Structure formats: structure tokens, C-alpha cells
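Okay, query10.pdb is below, PDB, C-alpha atoms and all ligand atoms:
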MODEL        1
ATOM      1  CA  MET A   1     116.849-232.444  27.611
ATOM      2  CA  ASN A   2     117.635-231.330  31.188
ATOM      3  CA  GLN A   3     115.010-229.915  33.556
ATOM      4  CA  GLN A   4     115.943-226.286  32.888
ATOM      5  CA  SER A   5     115.727-226.622  29.075
ATOM      6  CA  GLN A   6     112.434-228.510  29.479
ATOM      7  CA  GLN A   7     111.052-225.589  31.515
ATOM      8  CA  ILE A   8     112.226-223.105  28.884
ATOM      9  CA  ALA A   9     110.781-225.203  26.017
ATOM     10  CA  SER A  10     107.397-225.571  27.720
ATOM     11  CA  SER A  11     107.267-221.828  28.482
ATOM     12  CA  VAL A  12     107.614-220.856  24.807
ATOM     13  CA  SER A  13     104.153-219.969  23.542
ATOM     14  CA  PRO A  14     102.967-221.942  20.492
ATOM     15  CA  TYR A  15     101.863-218.552  19.138
ATOM     16  CA  ALA A  16     105.380-217.129  19.255
ATOM     17  CA  PRO A  17     106.640-216.673  15.708
ATOM     18  CA  ARG A  18     110.217-217.142  14.613
ATOM     19  CA  VAL A  19     111.755-214.067  13.065
ATOM     20  CA  GLY A  20     112.131-214.431   9.327
ATOM     21  CA  ARG A  21     113.661-212.111   6.784
ATOM     22  CA  ILE A  22     112.720-211.431   3.186
ATOM     23  CA  VAL A  23     115.669-212.382   0.987
ATOM     24  CA  ASP A  24     113.970-212.255  -2.403
ATOM     25  CA  PHE A  25     110.895-210.400  -3.570
ATOM     26  CA  LYS A  26     109.378-209.914  -6.994
ATOM     27  CA  LYS A  27     106.015-208.896  -8.327
ATOM     28  CA  PHE A  28     104.351-211.623 -10.391
ATOM     29  CA  THR A  29     101.263-209.579 -11.275
ATOM     30  CA  ASP A  30      99.505-206.445 -10.007
ATOM     31  CA  ARG A  31      97.954-208.519  -7.211
ATOM     32  CA  GLU A  32     100.463-211.311  -6.511
ATOM     33  CA  ALA A  33     104.077-211.242  -5.379
ATOM     34  CA  TYR A  34     106.708-213.893  -4.811
ATOM     35  CA  CYS A  35     108.593-213.838  -1.499
ATOM     36  CA  ARG A  36     111.475-215.961  -0.257
ATOM     37  CA  PHE A  37     112.251-215.988   3.449
ATOM     38  CA  VAL A  38     115.030-217.279   5.705
ATOM     39  CA  PHE A  39     115.026-217.506   9.498
ATOM     40  CA  ASP A  40     117.198-215.252  11.662
ATOM     41  CA  ASP A  41     117.958-218.195  13.973
ATOM     42  CA  GLY A  42     119.568-220.042  11.045
ATOM     43  CA  GLN A  43     117.664-223.237  11.967
ATOM     44  CA  GLY A  44     115.845-223.784   8.668
ATOM     45  CA  ILE A  45     112.536-225.623   8.486
ATOM     46  CA  SER A  46     111.052-228.978   7.493
ATOM     47  CA  TYR A  47     107.636-229.114   5.835
ATOM     48  CA  GLN A  48     105.423-231.047   3.420
ATOM     49  CA  ALA A  49     103.907-229.837   0.162
ATOM     50  CA  GLY A  50     100.472-228.313   0.833
ATOM     51  CA  GLN A  51     101.291-227.043   4.339
ATOM     52  CA  PHE A  52     100.979-223.387   5.274
ATOM     53  CA  MET A  53     102.601-220.867   7.591
ATOM     54  CA  GLU A  54     101.102-218.099   9.708
ATOM     55  CA  VAL A  55     102.933-215.004   8.493
ATOM     56  CA  SER A  56     102.918-212.024  10.835
ATOM     57  CA  VAL A  57     103.730-208.443  10.174
ATOM     58  CA  PHE A  58     104.622-206.939  13.537
ATOM     59  CA  GLY A  59     102.006-204.452  14.672
ATOM     60  CA  VAL A  60      99.728-205.261  11.713
ATOM     61  CA  GLY A  61      98.477-208.850  11.991
ATOM     62  CA  GLU A  62      98.854-212.422  10.858
ATOM     63  CA  ALA A  63      97.699-214.370   7.790
ATOM     64  CA  PRO A  64      97.885-218.026   6.736
ATOM     65  CA  ILE A  65      99.868-218.440   3.505
ATOM     66  CA  SER A  66     100.695-221.670   1.647
ATOM     67  CA  ILE A  67     104.298-222.671   1.157
ATOM     68  CA  CYS A  68     104.971-222.876  -2.574
ATOM     69  CA  SER A  69     108.574-224.116  -2.571
ATOM     70  CA  GLY A  70     109.478-227.791  -2.849
ATOM     71  CA  PRO A  71     109.111-229.721   0.450
ATOM     72  CA  GLY A  72     111.712-231.216   2.783
ATOM     73  CA  GLN A  73     114.325-229.854   5.163
ATOM     74  CA  ARG A  74     115.358-226.450   3.836
ATOM     75  CA  ASP A  75     117.002-223.188   4.840
ATOM     76  CA  ASP A  76     114.398-221.057   3.112
ATOM     77  CA  LEU A  77     110.689-220.856   2.249
ATOM     78  CA  GLU A  78     108.866-219.473  -0.770
ATOM     79  CA  MET A  79     105.356-218.051  -0.896
ATOM     80  CA  CYS A  80     103.115-216.357  -3.411
ATOM     81  CA  ILE A  81     101.125-213.592  -1.767
ATOM     82  CA  ARG A  82      97.978-211.942  -3.113
ATOM     83  CA  ALA A  83      97.312-208.431  -1.828
ATOM     84  CA  ALA A  84      93.961-208.873  -0.057
ATOM     85  CA  GLY A  85      94.081-206.838   3.151
ATOM     86  CA  ASP A  86      96.267-205.527   5.968
ATOM     87  CA  VAL A  87      99.028-208.147   6.164
ATOM     88  CA  THR A  88      99.231-209.037   2.504
ATOM     89  CA  ASN A  89      99.229-205.397   1.341
ATOM     90  CA  TRP A  90     102.058-204.679   3.760
ATOM     91  CA  LEU A  91     103.995-207.626   2.316
ATOM     92  CA  HIS A  92     103.518-206.214  -1.170
ATOM     93  CA  LYS A  93     105.283-203.043  -0.073
ATOM     94  CA  ALA A  94     108.037-204.952   1.753
ATOM     95  CA  GLU A  95     111.688-204.842   0.796
ATOM     96  CA  VAL A  96     114.487-207.357   0.868
ATOM     97  CA  GLY A  97     115.894-207.366   4.409
ATOM     98  CA  ASP A  98     112.564-206.606   6.149
ATOM     99  CA  ALA A  99     111.745-208.780   9.180
ATOM    100  CA  ILE A 100     108.467-210.679   9.554
ATOM    101  CA  GLY A 101     107.207-213.434  11.877
ATOM    102  CA  LEU A 102     106.693-217.033  10.793
ATOM    103  CA  ARG A 103     104.796-219.759  12.689
ATOM    104  CA  GLY A 104     104.376-223.256  11.369
ATOM    105  CA  PRO A 105     104.343-225.307   9.258
ATOM    106  CA  TYR A 106     100.664-226.116   9.844
ATOM    107  CA  GLY A 107      98.080-228.345   8.227
ATOM    108  CA  ASN A 108      98.270-231.855   6.879
ATOM    109  CA  GLY A 109      99.760-231.185   3.440
ATOM    110  CA  PHE A 110      99.529-233.579   0.500
ATOM    111  CA  ASP A 111     100.104-237.228   1.360
ATOM    112  CA  MET A 112     102.691-237.741  -1.382
ATOM    113  CA  ASP A 113     103.595-241.238  -0.188
ATOM    114  CA  ARG A 114      99.979-242.418  -0.506
ATOM    115  CA  VAL A 115      99.989-241.542  -4.222
ATOM    116  CA  ALA A 116     103.559-242.680  -4.931
ATOM    117  CA  GLY A 117     103.599-244.873  -8.041
ATOM    118  CA  MET A 118     100.317-243.398  -9.312
ATOM    119  CA  ASP A 119      99.791-240.981 -12.200
ATOM    120  CA  VAL A 120      99.276-237.507 -10.756
ATOM    121  CA  LEU A 121      97.052-234.878 -12.327
ATOM    122  CA  PHE A 122      97.244-231.267 -11.096
ATOM    123  CA  VAL A 123      94.368-228.964 -11.953
ATOM    124  CA  ALA A 124      95.257-225.507 -10.655
ATOM    125  CA  GLY A 125      93.364-222.264 -11.089
ATOM    126  CA  GLY A 126      94.845-218.842 -10.279
ATOM    127  CA  LEU A 127      96.498-218.738  -6.866
ATOM    128  CA  GLY A 128      95.741-222.463  -6.453
ATOM    129  CA  LEU A 129      98.989-223.061  -8.310
ATOM    130  CA  ALA A 130     100.949-221.953  -5.203
ATOM    131  CA  PRO A 131     100.380-225.083  -3.037
ATOM    132  CA  CYS A 132     100.398-227.320  -6.146
ATOM    133  CA  ARG A 133     103.805-225.934  -7.157
ATOM    134  CA  SER A 134     105.347-227.355  -3.994
ATOM    135  CA  PHE A 135     104.139-230.869  -4.915
ATOM    136  CA  ILE A 136     104.966-230.394  -8.615
ATOM    137  CA  GLN A 137     108.537-229.420  -7.755
ATOM    138  CA  ALA A 138     108.895-232.537  -5.615
ATOM    139  CA  ALA A 139     107.350-234.787  -8.287
ATOM    140  CA  LEU A 140     109.626-233.395 -11.007
ATOM    141  CA  ALA A 141     112.701-233.608  -8.771
ATOM    142  CA  ASP A 142     112.005-237.276  -7.901
ATOM    143  CA  ARG A 143     110.457-238.242 -11.207
ATOM    144  CA  LYS A 144     110.639-242.028 -10.665
ATOM    145  CA  LYS A 145     108.403-241.788  -7.583
ATOM    146  CA  PHE A 146     105.296-241.117  -9.721
ATOM    147  CA  GLY A 147     103.821-242.364 -12.963
ATOM    148  CA  ARG A 148     102.650-239.768 -15.469
ATOM    149  CA  VAL A 149     102.690-236.158 -14.259
ATOM    150  CA  THR A 150     100.034-233.945 -15.869
ATOM    151  CA  ILE A 151      99.700-230.250 -15.029
ATOM    152  CA  LEU A 152      96.704-228.155 -16.104
ATOM    153  CA  TYR A 153      96.825-224.486 -15.153
ATOM    154  CA  GLY A 154      94.331-221.741 -15.871
ATOM    155  CA  GLY A 155      94.320-218.003 -15.226
ATOM    156  CA  ARG A 156      91.795-215.300 -15.957
ATOM    157  CA  THR A 157      94.070-213.323 -18.304
ATOM    158  CA  PRO A 158      97.662-213.717 -19.582
ATOM    159  CA  LYS A 159      98.787-210.919 -17.230
ATOM    160  CA  GLU A 160      97.433-212.814 -14.217
ATOM    161  CA  LEU A 161      99.426-216.010 -14.766
ATOM    162  CA  LEU A 162     101.758-216.839 -11.870
ATOM    163  CA  PHE A 163     105.208-218.468 -11.809
ATOM    164  CA  ALA A 164     105.954-217.585 -15.458
ATOM    165  CA  ASP A 165     109.488-219.052 -15.241
ATOM    166  CA  ASP A 166     108.157-222.404 -13.995
ATOM    167  CA  LEU A 167     105.495-222.512 -16.691
ATOM    168  CA  LYS A 168     108.205-222.213 -19.367
ATOM    169  CA  VAL A 169     110.240-225.016 -17.772
ATOM    170  CA  TRP A 170     107.222-227.347 -17.442
ATOM    171  CA  ALA A 171     106.216-226.676 -21.047
ATOM    172  CA  LYS A 172     109.674-227.817 -22.227
ATOM    173  CA  ARG A 173     110.010-230.915 -20.062
ATOM    174  CA  GLU A 174     109.372-234.166 -21.875
ATOM    175  CA  ASP A 175     108.650-236.145 -18.730
ATOM    176  CA  CYS A 176     105.478-234.252 -17.877
ATOM    177  CA  GLU A 177     102.374-233.096 -19.733
ATOM    178  CA  PHE A 178     101.642-229.382 -19.280
ATOM    179  CA  GLN A 179      98.646-227.458 -20.581
ATOM    180  CA  LEU A 180      97.843-223.811 -19.975
ATOM    181  CA  THR A 181      94.762-221.721 -20.679
ATOM    182  CA  VAL A 182      93.336-218.271 -19.995
ATOM    183  CA  ASP A 183      89.664-217.291 -19.787
ATOM    184  CA  ARG A 184      90.143-213.917 -21.431
ATOM    185  CA  PRO A 185      93.050-213.753 -23.918
ATOM    186  CA  ASP A 186      94.619-210.450 -24.990
ATOM    187  CA  GLU A 187      96.115-209.599 -28.401
ATOM    188  CA  THR A 188      99.486-211.171 -27.447
ATOM    189  CA  TRP A 189      98.045-214.558 -26.465
ATOM    190  CA  THR A 190      98.493-217.469 -28.871
ATOM    191  CA  GLY A 191      97.716-220.326 -26.488
ATOM    192  CA  ASN A 192      94.530-222.059 -25.344
ATOM    193  CA  LYS A 193      91.478-219.956 -24.638
ATOM    194  CA  GLY A 194      88.680-220.917 -22.293
ATOM    195  CA  VAL A 195      88.084-222.258 -18.823
ATOM    196  CA  ILE A 196      90.366-224.927 -17.387
ATOM    197  CA  THR A 197      87.968-227.789 -18.090
ATOM    198  CA  THR A 198      88.604-227.274 -21.839
ATOM    199  CA  LEU A 199      92.123-228.632 -21.228
ATOM    200  CA  PHE A 200      90.838-232.096 -20.320
ATOM    201  CA  ARG A 201      90.199-232.709 -24.027
ATOM    202  CA  LYS A 202      93.828-231.876 -24.871
ATOM    203  CA  ILE A 203      95.601-234.406 -22.669
ATOM    204  CA  PRO A 204      96.264-238.075 -23.460
ATOM    205  CA  LYS A 205      93.761-240.436 -21.823
ATOM    206  CA  LEU A 206      94.582-241.196 -18.190
ATOM    207  CA  ASP A 207      93.956-244.536 -16.491
ATOM    208  CA  PRO A 208      91.348-243.668 -13.812
ATOM    209  CA  ALA A 209      92.288-246.643 -11.636
ATOM    210  CA  ARG A 210      95.835-245.376 -11.168
ATOM    211  CA  THR A 211      95.344-241.593 -11.253
ATOM    212  CA  ALA A 212      95.187-239.165  -8.322
ATOM    213  CA  ALA A 213      93.906-235.658  -9.099
ATOM    214  CA  PHE A 214      94.752-232.497  -7.135
ATOM    215  CA  ILE A 215      92.230-229.782  -7.899
ATOM    216  CA  ILE A 216      93.136-226.486  -6.250
ATOM    217  CA  GLY A 217      91.516-223.214  -7.217
ATOM    218  CA  PRO A 218      88.390-221.140  -6.763
ATOM    219  CA  PRO A 219      85.251-223.054  -5.684
ATOM    220  CA  ILE A 220      83.582-222.610  -9.103
ATOM    221  CA  MET A 221      86.595-224.176 -10.819
ATOM    222  CA  PHE A 222      86.627-227.042  -8.343
ATOM    223  CA  LYS A 223      82.932-227.709  -8.978
ATOM    224  CA  PHE A 224      83.386-228.166 -12.731
ATOM    225  CA  ALA A 225      86.838-229.792 -12.644
ATOM    226  CA  VAL A 226      85.618-232.428 -10.200
ATOM    227  CA  LEU A 227      82.799-233.327 -12.610
ATOM    228  CA  GLU A 228      85.435-233.920 -15.311
ATOM    229  CA  VAL A 229      87.559-236.249 -13.210
ATOM    230  CA  LEU A 230      84.511-238.105 -11.906
ATOM    231  CA  ALA A 231      83.387-238.566 -15.530
ATOM    232  CA  MET A 232      86.875-239.932 -16.293
ATOM    233  CA  GLY A 233      86.196-242.561 -13.620
ATOM    234  CA  LEU A 234      88.504-241.400 -10.823
ATOM    235  CA  ARG A 235      87.639-242.617  -7.338
ATOM    236  CA  LYS A 236      86.455-239.932  -4.884
ATOM    237  CA  ALA A 237      89.228-241.030  -2.502
ATOM    238  CA  ASN A 238      91.810-240.190  -5.186
ATOM    239  CA  ILE A 239      90.553-236.650  -5.828
ATOM    240  CA  TYR A 240      92.091-234.013  -3.558
ATOM    241  CA  CYS A 241      91.227-230.391  -2.889
ATOM    242  CA  SER A 242      92.197-227.665  -0.436
ATOM    243  CA  LEU A 243      89.648-226.019   1.843
ATOM    244  CA  GLU A 244      90.469-222.416   2.614
ATOM    245  CA  ARG A 245      88.659-221.342   5.752
ATOM    246  CA  ARG A 246      89.189-218.214   7.789
ATOM    247  CA  MET A 247      92.047-219.205  10.051
ATOM    248  CA  LYS A 248      93.515-217.521  13.093
ATOM    249  CA  CYS A 249      95.588-219.804  15.294
ATOM    250  CA  GLY A 250      96.387-222.563  12.806
ATOM    251  CA  LEU A 251      96.721-224.827  15.828
ATOM    252  CA  GLY A 252      93.255-226.280  16.413
ATOM    253  CA  LYS A 253      92.557-223.938  19.340
ATOM    254  CA  CYS A 254      90.414-220.973  18.243
ATOM    255  CA  GLY A 255      87.708-222.732  16.207
ATOM    256  CA  HIS A 256      87.693-220.130  13.404
ATOM    257  CA  CYS A 257      88.285-222.775  10.752
ATOM    258  CA  GLN A 258      85.899-225.359  12.188
ATOM    259  CA  ILE A 259      83.380-227.187  10.012
ATOM    260  CA  ARG A 260      81.245-229.351  12.283
ATOM    261  CA  ASN A 261      83.790-231.306  14.362
ATOM    262  CA  VAL A 262      86.650-230.803  11.885
ATOM    263  CA  TYR A 263      89.417-228.278  12.443
ATOM    264  CA  VAL A 264      90.457-227.501   8.879
ATOM    265  CA  CYS A 265      93.777-226.018  10.030
ATOM    266  CA  GLN A 266      94.796-229.395  11.461
ATOM    267  CA  GLU A 267      92.925-232.113   9.554
ATOM    268  CA  GLY A 268      93.214-230.076   6.342
ATOM    269  CA  PRO A 269      93.513-227.934   4.390
ATOM    270  CA  ILE A 270      93.966-230.892   1.997
ATOM    271  CA  PHE A 271      90.972-233.253   1.882
ATOM    272  CA  THR A 272      89.852-235.953  -0.503
ATOM    273  CA  TYR A 273      86.602-235.404  -2.352
ATOM    274  CA  ALA A 274      85.183-238.348  -0.372
ATOM    275  CA  GLU A 275      85.892-236.379   2.828
ATOM    276  CA  VAL A 276      84.589-233.112   1.381
ATOM    277  CA  MET A 277      81.263-234.798   0.596
ATOM    278  CA  ARG A 278      80.839-235.089   4.384
ATOM    279  CA  LEU A 279      81.680-231.383   4.811
ATOM    280  CA  ARG A 280      79.355-230.020   2.156
ATOM    281  CA  GLU A 281      79.433-226.410   3.341
ATOM    282  CA  GLY A 282      83.273-226.484   3.193
ATOM    283  CA  ILE A 283      83.418-225.770  -0.540
TER     284      ILE A 283
HETATM  285  C1  LIG B 301      95.312-222.596   4.357
HETATM  286  C2  LIG B 301      95.339-221.253   3.662
HETATM  287  C3  LIG B 301      96.318-221.021   2.704
HETATM  288  C4  LIG B 301      96.367-219.785   2.058
HETATM  289  N1  LIG B 301      97.355-219.584   1.128
HETATM  290  C5  LIG B 301      97.472-218.376   0.558
HETATM  291  C6  LIG B 301      98.547-218.106  -0.356
HETATM  292  O1  LIG B 301      99.368-218.979  -0.682
HETATM  293  N2  LIG B 301      98.639-216.864  -0.860
HETATM  294  C7  LIG B 301      97.733-215.874  -0.539
HETATM  295  O2  LIG B 301      97.886-214.750  -1.016
HETATM  296  N3  LIG B 301      96.697-216.091   0.289
HETATM  297  C8  LIG B 301      96.550-217.315   0.857
HETATM  298  N4  LIG B 301      95.513-217.541   1.724
HETATM  299  C9  LIG B 301      94.508-216.478   1.960
HETATM  300  C10 LIG B 301      95.068-215.484   2.942
HETATM  301  O3  LIG B 301      95.266-216.102   4.200
HETATM  302  C11 LIG B 301      94.097-214.309   3.146
HETATM  303  O4  LIG B 301      93.966-213.584   1.944
HETATM  304  C12 LIG B 301      94.714-213.453   4.238
HETATM  305  O5  LIG B 301      94.259-213.937   5.479
HETATM  306  C13 LIG B 301      94.451-212.034   4.121
HETATM  307  O6  LIG B 301      95.074-211.427   5.234
HETATM  308  P1  LIG B 301      95.170-209.856   5.280
HETATM  309  O7  LIG B 301      95.548-209.418   6.648
HETATM  310  O8  LIG B 301      96.030-209.355   4.163
HETATM  311  O9  LIG B 301      93.699-209.449   4.940
HETATM  312  P2  LIG B 301      92.523-209.009   5.958
HETATM  313  O10 LIG B 301      92.748-207.587   6.243
HETATM  314  O11 LIG B 301      92.423-209.981   7.077
HETATM  315  O12 LIG B 301      91.251-209.271   5.036
HETATM  316  C14 LIG B 301      91.193-208.917   3.680
HETATM  317  C15 LIG B 301      89.878-209.369   3.091
HETATM  318  O13 LIG B 301      89.909-210.771   2.837
HETATM  319  C16 LIG B 301      88.938-211.431   3.611
HETATM  320  N5  LIG B 301      89.552-212.691   4.029
HETATM  321  C17 LIG B 301      90.481-212.886   4.978
HETATM  322  N6  LIG B 301      90.836-214.197   5.028
HETATM  323  C18 LIG B 301      90.101-214.846   4.089
HETATM  324  C19 LIG B 301      89.995-216.213   3.657
HETATM  325  N7  LIG B 301      90.722-217.211   4.182
HETATM  326  N8  LIG B 301      89.127-216.495   2.661
HETATM  327  C20 LIG B 301      88.380-215.531   2.111
HETATM  328  N9  LIG B 301      88.424-214.232   2.481
HETATM  329  C21 LIG B 301      89.274-213.892   3.460
HETATM  330  C22 LIG B 301      88.579-210.475   4.719
HETATM  331  O14 LIG B 301      87.264-210.651   5.197
HETATM  332  C23 LIG B 301      88.718-209.137   4.009
HETATM  333  O15 LIG B 301      87.612-208.844   3.220
HETATM  334  C24 LIG B 301      95.417-218.766   2.360
HETATM  335  C25 LIG B 301      94.426-219.020   3.319
HETATM  336  C26 LIG B 301      94.391-220.243   3.956
HETATM  337  C27 LIG B 301      93.337-220.490   4.989
HETATM  338  S1  LIG B 302      92.456-221.708  12.864
HETATM  339 FE1  LIG B 302      92.138-221.849  14.987
HETATM  340  S2  LIG B 302      91.232-223.795  15.192
HETATM  341 FE2  LIG B 302      91.783-223.717  13.107
ENDMDL
END
I'd like the structure from this file rewritten - as C-alpha cells, please.
Amino acid sequence: MNQQSQQIASSVSPYAPRVGRIVDFKKFTDREAYCRFVFDDGQGISYQAGQFMEVSVFGVGEAPISICSGPGQRDDLEMCIRAAGDVTNWLHKAEVGDAIGLRGPYGNGFDMDRVAGMDVLFVAGGLGLAPCRSFIQAALADRKKFGRVTILYGGRTPKELLFADDLKVWAKREDCEFQLTVDRPDETWTGNKGVITTLFRKIPKLDPARTAAFIIGPPIMFKFAVLEVLAMGLRKANIYCSLERRMKCGLGKCGHCQIRNVYVCQEGPIFTYAEVMRLREGI
């Protein structure tokens, strides 16, 4: 890099987003929508499963959103967005072709290499499926990298289930175990009923010494699911969760996400249960 390009590079603010464009949008449920983005600069992006982006709507604000597409070097990015406030409600009204800002990827993501060769168990509740889906896509695309792949997914009602097309594919695949449940079935529902922990009794026994569990969902689900995997004998260092804190910068600068001396936006959002035990108020 010559001196002039170095000066230009160092003058670009880390807060400056790249311009992205919505190229695919569909409603999953009343509250959640799927969005696929590409970058106007045509440069693509490289990221790991479990990382997130700061998505900005110009003149409205910015929000951290997990990447839900499979990891690697790609031209596009997928996200699942729940309408919660200013930015996310705007995104729900967006149309294909609309421009938004994208900063990132941020966060540590899942350490997929650390669990390579192990059996992987995903326990996802509601929107927690979004970051898990990125890892699941990678695990199913490179099936030999992992031992058994088990996916447990729970939603409140059948209408609130996300990624319906993926769920059908996972249910049909013979090289992974997939179980689905809803808390409150409707008249159309013929599947499992009850909270996600009821699914643990439906899966073949896992070897605790070689299993890593990824439990991503609401805190109440995490609390009970972690008891199940601890009872199965999994080590705390092989149980992973995601800590969602209020985030602003995503860069370890503003302190919004800080728990004690830990910046969740940088050291997380993925932590092992052993680490979370040290950050009790994080969950
Ligand atoms: C690492 C990370 C990954 C995330 N991934 C996703 C994702 O994949 N999909 C998705 O839809 N959302 C995700 N979120 C949550 C999302 O960032 C918030 O819902 C978002 O900030 C709302 O922005 P907004 O401008 O629409 O809402 P605002 O107008 O900022 O606020 C809406 C309401 O939500 C509250 N709120 C804002 N942020 C949070 C938060 N982090 N936790 C709890 N309450 C909050 C506000 O106090 C307010 O009541 C993620 C958050 C984090 C930290
Ligand atoms: S969000 Fe600013 S320090 Fe983490």
C-alpha cells in the first residue's frame, strides 16, 4: 500500500457503513422477515457463523443483527429480522432494491474448528435459530467435518416457526437428526407439543464426552436446556450460548455491551457455559 492509500485507509471511520441493497425479502411470520443483501461496491464479505452486522437505516438508526446464512467468503448476506423498534420496523416495510448500511462482521462467532470431529447438538428457540442456521448450513454442507448433527427447534406456535423451507429439508435428511416442537399447537399441528426440553427424550443417546451443544434462544429456554445437557454429562466448556446485550458500536468502544471487564460485542456474543458462569448477570 503506498502512502496516499494508507492515508485514505486510515481516514475511513470504523463507523462508516458500506452501502448494501436488499435483493430478496419475504415475511416469515407477522413479526419476522427474511432479508438478503448484497453490497453496492461488489466486494462481498467474509464472516463466521454466529457473527453479526450493524445494520443501519439512513436517518433512522442502527441495530445489531445476526447473519443467518452459511459462513465463508460470499457475495451476499442473509438475516432474519424481528420487528422490535425503529430500525427493524423500517426493514419490515422495505422493498427489494432499497439501500441500507452494513458494518461488520462483528463478534467472535462459533469456533467451528474447535468442535470439528465432535457430535454437535443445536438447541434453538424462536429467533435463536437465526445464528444457529449459519452453523447448521456449514455443518450440513461439510458433513464429514462433524460427527452426529442433531437439531432441536422450538417455537411458541406453528405460525411463529421460522425458516419453514429449511425445516422441511432438515426433516428429510438422513445424515442429521431433526426434532421440532411448539408450545401451543393449533388445530393444524400434528407434531410434537410442549417446550423444547421435551425433545431431549426423543433423540438417540448422545456421547457426552464427544458432544458440543449450542443453546440459543430466550433466557428461560437456555436455563432449562442447559440443565438437560448438564444432566446428560456434557462439559461446561462444550456448552455454548449467545449473550445478547444492548449494543451500539459493535467495536469495543462505547461500553454499552460491557459486563464487568468483558465487551460482549468483541469477546462474544458466543460464550461457553463455563465462561457464562463468570458473567452471571449476562443471562
Ligand atoms: C449480537 C446480537 C444479535 C442480534 N441478532 C438479531 C437477529 O438476528 N434478528 C433480530 O431481529 N434481532 C436481533 N438482535 C436484536 C436487535 O438488535 C434488536 O431488536 C434491535 O436493536 C432493535 O432495534 P430497533 O431500532 O428496531 O429497535 P429500538 O427502537 O432500538 O428498540 C425497540 C425495543 O427493543 C429494545 N431493545 C433494543 N435492543 C435490545 C436488545 N439487544 N435486547 C433487548 N431489548 C432490546 C428497546 O429498549 C425497545 O424497547 C440481535 C441483538 C444482538 C445484540
Ligand atoms: S457495543 Fe460498544 S463496546 Fe460493545
If you measure from CA of Val57 (chain A) to CA of Pro218 (chain A), what distance in Å do you get, rounded to one decimal?
26.1 Å
List the spatial neighbours of Ala237 (chain A) as a PyMOL selection string - criterion: any atom at most 10 Å away, all atoms listed in the file, same-chain residues fewer than 2 positions off excluded.
chain A and resi 212-213+234-235+239-240+271-276
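The gap separating CA of Gln179 (chain A) from CA of Ile196 (chain A) is 9.2 Å, in Å to one decimal.
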Within 7 Å of ligand LIG 301 (chain B) (all atoms listed in the file), residues as a list of chain:residue names
A:Glu32, A:Phe52, A:Gly61, A:Glu62, A:Ala63, A:Pro64, A:Ile65, A:Ser66, A:Ile67, A:Met79, A:Cys80, A:Ile81, A:Arg82, A:Ala83, A:Ala84, A:Gly85, A:Asp86, A:Val87, A:Thr88, A:Asn89, A:Leu127, A:Ala130, A:Pro131, A:Glu244, A:Arg245, A:Arg246, A:Met247, A:Cys265, A:Pro269
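Of the residues listed (A:Gly268, A:Gly101, A:Pro208, A:Gly250), A:Gly250 shows the shortest atom-to-atom separation from ligand LIG 302 (chain B); distances use all atoms listed in the file.
With distances taken over all atoms listed in the file, A:Tyr34 is the one residue among A:Met221, A:Gln137, A:Asp111, A:Tyr34 lying closest to Ala164 (chain A).
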Would you write out, as a ChimeraX atom specification, every residue that the PyMOL selection byres (((chain A and resi 152-163) around 10) and not hetatm) captures in this file?
/A:27-34,80,121-130,133,150-151,164-168,177-189,191-200,202-203,215-217,221
Excluding Tyr47 (chain A) and residues on its chain fewer than 5 positions from it, collect all residues at most 9 Å away from it, counting only C-alpha atoms, and give them as a ChimeraX atom specification.
/A:52,67,70-74,104-106,109
Point-to-point distance from CA of Ala141 (chain A) to CA of Leu77 (chain A), Å rounded to tenths
17.0 Å
Give me, as a PyMOL selection string, the set of residues whose atoms come within 6 Å of any atom of ligand LIG 302 (chain B), counting all atoms listed in the file.
chain A and resi 247-257+263-265
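If you measure from each of A:Ala209, A:Val12, A:Ile270, A:Ala116 to Ser242 (chain A) using all atoms listed in the file, the closest one turns out to be A:Ile270.
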Long-range neighbours of Val23 (chain A) as number ranges by chain, 6 Å cut-off, all atoms listed in the file, 4 positions minimum in chain
A: 36-37, 96
Those residues with C-alpha atoms, as a compact mmCIF listing (two decimals), keeping the file's coordinate frame please?
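Written file, selection.txt:
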# COMPACT_ATOMS: atom_id res chain seq x y z
CA ARG A 36 111.48 -215.96 -0.26
CA PHE A 37 112.25 -215.99 3.45
CA VAL A 96 114.49 -207.36 0.87
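Proximity of A:Phe214, A:Phe222, A:Phe146, A:Phe135 to Cys68 (chain A), computed with only C-alpha atoms, is greatest for A:Phe135.
Of the residues under consideration (A:Ser56, A:Ser13, A:Ser134, A:Gln43), A:Ser134 shows the shortest atom-to-atom contact distance to Ser69 (chain A) when counting only C-alpha atoms.
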For region 152-169 of chain A, I'd like the enclosing box, axis-aligned and padded by 8 Å on every side, reported as AutoDock Vina command-line options with centre and edge lengths in Å to one decimal.
--center_x 101.0 --center_y -219.5 --center_z -15.7 --size_x 34.4 --size_y 33.2 --size_z 23.8
